[in-house]
>>> print(open('final.txt').read())   # compact mmCIF, N, CA and C atoms
# COMPACT_ATOMS: atom_id res chain seq x y z
N MET A 70 -183.51 59.77 -107.36
CA MET A 70 -182.78 60.16 -106.19
C MET A 70 -183.55 61.25 -105.48
N THR A 71 -183.49 61.14 -104.22
CA THR A 71 -184.24 62.09 -103.41
C THR A 71 -183.35 63.25 -103.02
N ILE A 72 -183.98 64.23 -102.50
CA ILE A 72 -183.25 65.44 -102.08
C ILE A 72 -182.25 65.08 -100.98
N ALA A 73 -182.59 64.19 -100.13
CA ALA A 73 -181.68 63.79 -99.05
C ALA A 73 -180.42 63.17 -99.63
N ASN A 74 -180.60 62.38 -100.70
CA ASN A 74 -179.43 61.75 -101.33
C ASN A 74 -178.55 62.82 -101.97
N TRP A 75 -179.21 63.81 -102.63
CA TRP A 75 -178.46 64.89 -103.25
C TRP A 75 -177.73 65.72 -102.21
N LEU A 76 -178.38 65.95 -101.13
CA LEU A 76 -177.73 66.70 -100.05
C LEU A 76 -176.55 65.91 -99.48
N SER A 77 -176.74 64.61 -99.35
CA SER A 77 -175.65 63.76 -98.84
C SER A 77 -174.48 63.78 -99.82
N LEU A 78 -174.77 63.69 -101.12
CA LEU A 78 -173.70 63.72 -102.12
C LEU A 78 -173.01 65.10 -102.12
N GLY A 79 -173.82 66.16 -102.00
CA GLY A 79 -173.25 67.50 -101.94
C GLY A 79 -172.35 67.66 -100.71
N ALA A 80 -172.83 67.15 -99.57
CA ALA A 80 -172.03 67.23 -98.35
C ALA A 80 -170.75 66.42 -98.49
N LEU A 81 -170.87 65.25 -99.16
CA LEU A 81 -169.70 64.42 -99.38
C LEU A 81 -168.70 65.13 -100.29
N ALA A 82 -169.22 65.78 -101.34
CA ALA A 82 -168.36 66.52 -102.26
C ALA A 82 -167.65 67.67 -101.54
N VAL A 83 -168.41 68.39 -100.71
CA VAL A 83 -167.82 69.50 -99.95
C VAL A 83 -166.75 68.95 -98.99
N ALA A 84 -167.05 67.82 -98.36
CA ALA A 84 -166.11 67.21 -97.42
C ALA A 84 -164.84 66.79 -98.15
N LEU A 85 -164.97 66.18 -99.33
CA LEU A 85 -163.80 65.79 -100.11
C LEU A 85 -163.00 67.01 -100.55
N PHE A 86 -163.71 68.04 -101.00
CA PHE A 86 -163.05 69.28 -101.41
C PHE A 86 -162.27 69.87 -100.24
N MET A 87 -162.89 69.91 -99.08
CA MET A 87 -162.22 70.45 -97.88
C MET A 87 -161.03 69.58 -97.48
N ALA A 88 -161.15 68.26 -97.64
CA ALA A 88 -160.04 67.36 -97.33
C ALA A 88 -158.86 67.63 -98.25
N VAL A 89 -159.15 67.84 -99.54
CA VAL A 89 -158.09 68.14 -100.51
C VAL A 89 -157.44 69.46 -100.17
N ILE A 90 -158.21 70.48 -99.87
CA ILE A 90 -157.66 71.80 -99.51
C ILE A 90 -156.85 71.69 -98.22
N ASN A 91 -157.36 70.94 -97.25
CA ASN A 91 -156.65 70.78 -95.98
C ASN A 91 -155.32 70.06 -96.20
N THR A 92 -155.31 69.02 -97.03
CA THR A 92 -154.08 68.29 -97.33
C THR A 92 -153.09 69.21 -98.04
N THR A 93 -153.55 69.99 -98.98
CA THR A 93 -152.69 70.93 -99.71
C THR A 93 -152.11 71.97 -98.76
N ASN A 94 -152.96 72.51 -97.91
CA ASN A 94 -152.47 73.51 -96.95
C ASN A 94 -151.47 72.90 -95.97
N THR A 95 -151.73 71.66 -95.55
CA THR A 95 -150.80 70.98 -94.64
C THR A 95 -149.45 70.79 -95.31
N LYS A 96 -149.46 70.36 -96.59
CA LYS A 96 -148.21 70.18 -97.32
C LYS A 96 -147.47 71.50 -97.48
N LYS A 97 -148.21 72.56 -97.80
CA LYS A 97 -147.59 73.88 -97.94
C LYS A 97 -147.00 74.33 -96.61
N SER A 98 -147.76 74.10 -95.54
CA SER A 98 -147.29 74.48 -94.21
C SER A 98 -146.03 73.71 -93.83
N GLN A 99 -146.02 72.41 -94.15
CA GLN A 99 -144.83 71.59 -93.85
C GLN A 99 -143.63 72.06 -94.65
N LYS A 100 -143.85 72.37 -95.94
CA LYS A 100 -142.75 72.87 -96.77
C LYS A 100 -142.23 74.19 -96.23
N LYS A 101 -143.15 75.05 -95.81
CA LYS A 101 -142.75 76.34 -95.25
C LYS A 101 -141.94 76.15 -93.98
N GLU A 102 -142.40 75.23 -93.11
CA GLU A 102 -141.68 74.95 -91.87
C GLU A 102 -140.30 74.37 -92.16
N GLU A 103 -140.25 73.45 -93.14
CA GLU A 103 -138.96 72.88 -93.52
C GLU A 103 -138.03 73.95 -94.06
N ARG A 104 -138.56 74.86 -94.87
CA ARG A 104 -137.75 75.94 -95.43
C ARG A 104 -137.26 76.85 -94.31
N GLU A 105 -138.15 77.17 -93.37
CA GLU A 105 -137.75 78.02 -92.23
C GLU A 105 -136.71 77.31 -91.37
N ASP A 106 -136.93 76.01 -91.14
CA ASP A 106 -135.94 75.24 -90.36
C ASP A 106 -134.59 75.21 -91.07
N THR A 107 -134.64 75.05 -92.38
CA THR A 107 -133.39 75.05 -93.15
C THR A 107 -132.71 76.40 -93.07
N GLU A 108 -133.49 77.48 -93.17
CA GLU A 108 -132.91 78.82 -93.06
C GLU A 108 -132.31 79.05 -91.68
N LYS A 109 -133.04 78.63 -90.64
CA LYS A 109 -132.51 78.78 -89.28
C LYS A 109 -131.25 77.96 -89.10
N SER A 110 -131.27 76.74 -89.61
CA SER A 110 -130.09 75.88 -89.51
C SER A 110 -128.91 76.49 -90.26
N THR A 111 -129.20 77.06 -91.43
CA THR A 111 -128.15 77.71 -92.21
C THR A 111 -127.60 78.92 -91.46
N GLU A 112 -128.49 79.70 -90.85
CA GLU A 112 -128.04 80.86 -90.07
C GLU A 112 -127.16 80.42 -88.90
N ARG A 113 -127.59 79.36 -88.20
CA ARG A 113 -126.79 78.86 -87.08
C ARG A 113 -125.44 78.36 -87.56
N THR A 114 -125.46 77.60 -88.65
CA THR A 114 -124.21 77.06 -89.19
C THR A 114 -123.29 78.19 -89.63
N THR A 115 -123.87 79.20 -90.28
CA THR A 115 -123.06 80.35 -90.71
C THR A 115 -122.47 81.07 -89.50
N GLY A 116 -123.29 81.25 -88.47
CA GLY A 116 -122.79 81.90 -87.25
C GLY A 116 -121.67 81.10 -86.61
N ILE A 117 -121.84 79.79 -86.58
CA ILE A 117 -120.80 78.93 -86.00
C ILE A 117 -119.53 79.00 -86.84
N MET A 118 -119.67 78.99 -88.16
CA MET A 118 -118.50 79.07 -89.03
C MET A 118 -117.76 80.39 -88.86
N ILE A 119 -118.51 81.47 -88.72
CA ILE A 119 -117.88 82.77 -88.51
C ILE A 119 -117.14 82.79 -87.16
N ALA A 120 -117.80 82.24 -86.14
CA ALA A 120 -117.16 82.19 -84.82
C ALA A 120 -115.90 81.34 -84.86
N LEU A 121 -115.96 80.21 -85.54
CA LEU A 121 -114.78 79.35 -85.66
C LEU A 121 -113.66 80.05 -86.43
N GLU A 122 -114.01 80.78 -87.45
CA GLU A 122 -113.01 81.53 -88.23
C GLU A 122 -112.34 82.60 -87.36
N ASN A 123 -113.16 83.27 -86.54
CA ASN A 123 -112.61 84.28 -85.62
C ASN A 123 -111.68 83.62 -84.61
N ILE A 124 -112.09 82.47 -84.08
CA ILE A 124 -111.23 81.75 -83.13
C ILE A 124 -109.93 81.34 -83.81
N LYS A 125 -110.03 80.86 -85.04
CA LYS A 125 -108.83 80.46 -85.78
C LYS A 125 -107.89 81.66 -85.96
N ASN A 126 -108.45 82.81 -86.32
CA ASN A 126 -107.62 84.01 -86.49
C ASN A 126 -106.96 84.42 -85.18
N GLN A 127 -107.72 84.35 -84.09
CA GLN A 127 -107.15 84.70 -82.79
C GLN A 127 -106.04 83.74 -82.40
N LEU A 128 -106.25 82.44 -82.66
CA LEU A 128 -105.21 81.46 -82.35
C LEU A 128 -103.96 81.70 -83.19
N THR A 129 -104.15 82.08 -84.43
CA THR A 129 -103.00 82.38 -85.29
C THR A 129 -102.22 83.57 -84.74
N ARG A 130 -102.96 84.61 -84.32
CA ARG A 130 -102.29 85.78 -83.73
C ARG A 130 -101.56 85.39 -82.44
N ILE A 131 -102.19 84.56 -81.63
CA ILE A 131 -101.55 84.12 -80.38
C ILE A 131 -100.30 83.31 -80.68
N GLU A 132 -100.38 82.40 -81.65
CA GLU A 132 -99.21 81.62 -82.03
C GLU A 132 -98.08 82.52 -82.51
N ASN A 133 -98.41 83.52 -83.32
CA ASN A 133 -97.39 84.45 -83.80
C ASN A 133 -96.76 85.21 -82.63
N GLU A 134 -97.59 85.64 -81.69
CA GLU A 134 -97.08 86.35 -80.52
C GLU A 134 -96.18 85.45 -79.68
N ILE A 135 -96.59 84.19 -79.51
CA ILE A 135 -95.78 83.23 -78.74
C ILE A 135 -94.44 83.03 -79.44
N ASN A 136 -94.46 82.90 -80.76
CA ASN A 136 -93.20 82.73 -81.50
C ASN A 136 -92.31 83.95 -81.33
N THR A 137 -92.89 85.15 -81.33
CA THR A 137 -92.12 86.37 -81.12
C THR A 137 -91.51 86.38 -79.72
N VAL A 138 -92.30 85.99 -78.73
CA VAL A 138 -91.80 85.95 -77.35
C VAL A 138 -90.68 84.92 -77.23
N LYS A 139 -90.84 83.76 -77.88
CA LYS A 139 -89.78 82.74 -77.84
C LYS A 139 -88.50 83.28 -78.47
N GLN A 140 -88.63 83.96 -79.59
CA GLN A 140 -87.46 84.52 -80.26
C GLN A 140 -86.78 85.56 -79.37
N ASP A 141 -87.59 86.43 -78.76
CA ASP A 141 -87.04 87.43 -77.84
C ASP A 141 -86.33 86.75 -76.67
N ASN A 142 -86.93 85.68 -76.18
CA ASN A 142 -86.34 84.94 -75.05
C ASN A 142 -84.99 84.35 -75.46
N ARG A 143 -84.93 83.78 -76.68
CA ARG A 143 -83.65 83.23 -77.17
C ARG A 143 -82.59 84.33 -77.27
N GLU A 144 -82.99 85.48 -77.83
CA GLU A 144 -82.05 86.59 -77.98
C GLU A 144 -81.57 87.08 -76.62
N ASN A 145 -82.49 87.20 -75.66
CA ASN A 145 -82.11 87.64 -74.32
C ASN A 145 -81.19 86.62 -73.66
N HIS A 146 -81.45 85.34 -73.90
CA HIS A 146 -80.60 84.29 -73.33
C HIS A 146 -79.19 84.40 -73.90
N ASP A 147 -79.10 84.60 -75.21
CA ASP A 147 -77.79 84.74 -75.84
C ASP A 147 -77.05 85.97 -75.29
N LYS A 148 -77.77 87.08 -75.16
CA LYS A 148 -77.15 88.29 -74.61
C LYS A 148 -76.69 88.06 -73.18
N LEU A 149 -77.47 87.34 -72.40
CA LEU A 149 -77.11 87.04 -71.01
C LEU A 149 -75.84 86.20 -70.96
N LEU A 150 -75.74 85.22 -71.85
CA LEU A 150 -74.53 84.40 -71.88
C LEU A 150 -73.30 85.25 -72.21
N ILE A 151 -73.45 86.16 -73.17
CA ILE A 151 -72.34 87.04 -73.54
C ILE A 151 -71.96 87.92 -72.35
N MET A 152 -72.96 88.44 -71.65
CA MET A 152 -72.68 89.30 -70.49
C MET A 152 -72.00 88.51 -69.39
N GLU A 153 -72.40 87.26 -69.17
CA GLU A 153 -71.76 86.44 -68.14
C GLU A 153 -70.30 86.19 -68.49
N GLN A 154 -70.02 85.92 -69.77
CA GLN A 154 -68.64 85.71 -70.19
C GLN A 154 -67.82 86.98 -70.00
N SER A 155 -68.43 88.11 -70.34
CA SER A 155 -67.75 89.38 -70.16
C SER A 155 -67.47 89.64 -68.69
N GLN A 156 -68.44 89.33 -67.85
CA GLN A 156 -68.28 89.54 -66.41
C GLN A 156 -67.15 88.65 -65.87
N LYS A 157 -67.07 87.41 -66.33
CA LYS A 157 -65.99 86.53 -65.89
C LYS A 157 -64.64 87.10 -66.29
N SER A 158 -64.57 87.61 -67.52
CA SER A 158 -63.33 88.20 -68.00
C SER A 158 -62.95 89.42 -67.17
N GLU A 159 -63.94 90.25 -66.85
CA GLU A 159 -63.68 91.42 -66.02
C GLU A 159 -63.20 91.03 -64.63
N HIS A 160 -63.80 89.99 -64.06
CA HIS A 160 -63.35 89.54 -62.74
C HIS A 160 -61.91 89.02 -62.79
N LYS A 161 -61.56 88.33 -63.85
CA LYS A 161 -60.18 87.85 -63.98
C LYS A 161 -59.21 89.03 -64.05
N ARG A 162 -59.59 90.07 -64.84
CA ARG A 162 -58.73 91.24 -64.92
C ARG A 162 -58.63 91.95 -63.57
N LEU A 163 -59.78 92.09 -62.88
CA LEU A 163 -59.75 92.71 -61.55
C LEU A 163 -58.89 91.92 -60.58
N ASP A 164 -59.02 90.60 -60.63
CA ASP A 164 -58.19 89.75 -59.75
C ASP A 164 -56.70 89.95 -60.06
N ALA A 165 -56.38 90.04 -61.37
CA ALA A 165 -54.98 90.26 -61.75
C ALA A 165 -54.50 91.62 -61.25
N HIS A 166 -55.32 92.65 -61.39
CA HIS A 166 -54.95 93.99 -60.89
C HIS A 166 -54.81 93.97 -59.38
N GLU A 167 -55.72 93.27 -58.72
CA GLU A 167 -55.63 93.19 -57.25
C GLU A 167 -54.34 92.49 -56.84
N GLN A 168 -54.00 91.43 -57.54
CA GLN A 168 -52.76 90.70 -57.23
C GLN A 168 -51.54 91.59 -57.45
N ARG A 169 -51.55 92.35 -58.56
CA ARG A 169 -50.43 93.25 -58.82
C ARG A 169 -50.34 94.32 -57.74
N LEU A 170 -51.52 94.86 -57.34
CA LEU A 170 -51.56 95.88 -56.30
C LEU A 170 -51.03 95.32 -54.98
N ASN A 171 -51.44 94.09 -54.65
CA ASN A 171 -50.94 93.46 -53.42
C ASN A 171 -49.44 93.26 -53.49
N ASN A 172 -48.93 92.86 -54.64
CA ASN A 172 -47.48 92.67 -54.80
C ASN A 172 -46.75 94.00 -54.63
N ILE A 173 -47.31 95.06 -55.20
CA ILE A 173 -46.69 96.38 -55.08
C ILE A 173 -46.69 96.82 -53.61
N GLU A 174 -47.82 96.64 -52.93
CA GLU A 174 -47.90 97.02 -51.51
C GLU A 174 -46.91 96.22 -50.68
N ARG A 175 -46.82 94.92 -50.98
CA ARG A 175 -45.87 94.07 -50.23
C ARG A 175 -44.44 94.55 -50.47
N GLN A 176 -44.15 94.86 -51.73
CA GLN A 176 -42.81 95.33 -52.05
C GLN A 176 -42.53 96.66 -51.37
N LEU A 177 -43.53 97.56 -51.32
CA LEU A 177 -43.33 98.84 -50.65
C LEU A 177 -43.10 98.65 -49.15
N ARG A 178 -43.82 97.70 -48.52
CA ARG A 178 -43.60 97.44 -47.09
C ARG A 178 -42.19 96.91 -46.85
N ILE A 179 -41.82 96.00 -47.75
CA ILE A 179 -40.47 95.43 -47.58
C ILE A 179 -39.44 96.53 -47.72
N ASP A 180 -39.60 97.40 -48.72
CA ASP A 180 -38.67 98.51 -48.93
C ASP A 180 -38.71 99.46 -47.74
N HIS A 181 -39.91 99.71 -47.22
CA HIS A 181 -40.05 100.61 -46.07
C HIS A 181 -39.34 100.04 -44.85
N TYR A 182 -39.54 98.76 -44.58
CA TYR A 182 -38.88 98.15 -43.41
C TYR A 182 -37.37 98.09 -43.62
N ARG A 183 -36.94 97.90 -44.83
CA ARG A 183 -35.50 97.86 -45.11
C ARG A 183 -34.92 99.27 -44.88
N ASP A 184 -35.66 100.30 -45.31
CA ASP A 184 -35.18 101.67 -45.12
C ASP A 184 -35.16 102.02 -43.63
N VAL A 185 -36.17 101.55 -42.88
CA VAL A 185 -36.23 101.83 -41.45
C VAL A 185 -35.09 101.10 -40.76
N ASP A 186 -34.80 99.86 -41.18
CA ASP A 186 -33.70 99.11 -40.59
C ASP A 186 -32.35 99.76 -40.92
N THR A 187 -32.18 100.27 -42.11
CA THR A 187 -30.92 100.89 -42.49
C THR A 187 -30.75 102.22 -41.82
N GLU A 188 -31.77 102.93 -41.51
CA GLU A 188 -31.66 104.22 -40.83
C GLU A 188 -31.30 103.99 -39.37
N GLY A 189 -31.79 102.89 -38.82
CA GLY A 189 -31.54 102.63 -37.42
C GLY A 189 -30.15 102.14 -37.18
N GLU A 190 -29.39 101.77 -38.13
CA GLU A 190 -28.05 101.24 -37.92
C GLU A 190 -27.01 102.26 -37.87
>>> encode(input="final.txt", output="structure tokens")
Amino acid sequence: MTIANWLSLGALAVALFMAVINTTNTKKSQKKEEREDTEKSTERTTGIMIALENIKNQLTRIENEINTVKQDNRENHDKLLIMEQSQKSEHKRLDAHEQRLNNIERQLRIDHYRDVDTEGE
């Protein structure tokens, strides 16, 4: 074998060695990228889960507040109904007092006119 053949074999060996190293580095780089992508995906997923949990908590608080407002509204409605009934009762009593007062005034006028008629005779 000549020196040229040895040099060609040496160059071929170096080329194969470099190909193996390049393939290994490419695989390592791909694994690293996959790991980084997985970490980023995990971070995004974790962030989304935290945000969804916060939204869930806020919705729960809002639902509780709405239920409280509904209960207050029911209580106010019941109180309003009681007040309306009381007001109706008060108006009936006032009407009865007004009727009695009118009857008394009518009776006093009648008595007054009777007294005026009897004095004039």
>>> atom_distance(input="final.txt", atom1="atom CA of A:Ser110", atom2="atom CA of A:Thr93")
25.3 Å
>>> atom_distance(input="final.txt", atom1="atom C of A:His160", atom2="atom C of A:Lys148")
18.1 Å
>>> atom_distance(input="final.txt", atom1="atom CA of A:Thr111", atom2="atom CA of A:Lys125")
20.5 Å
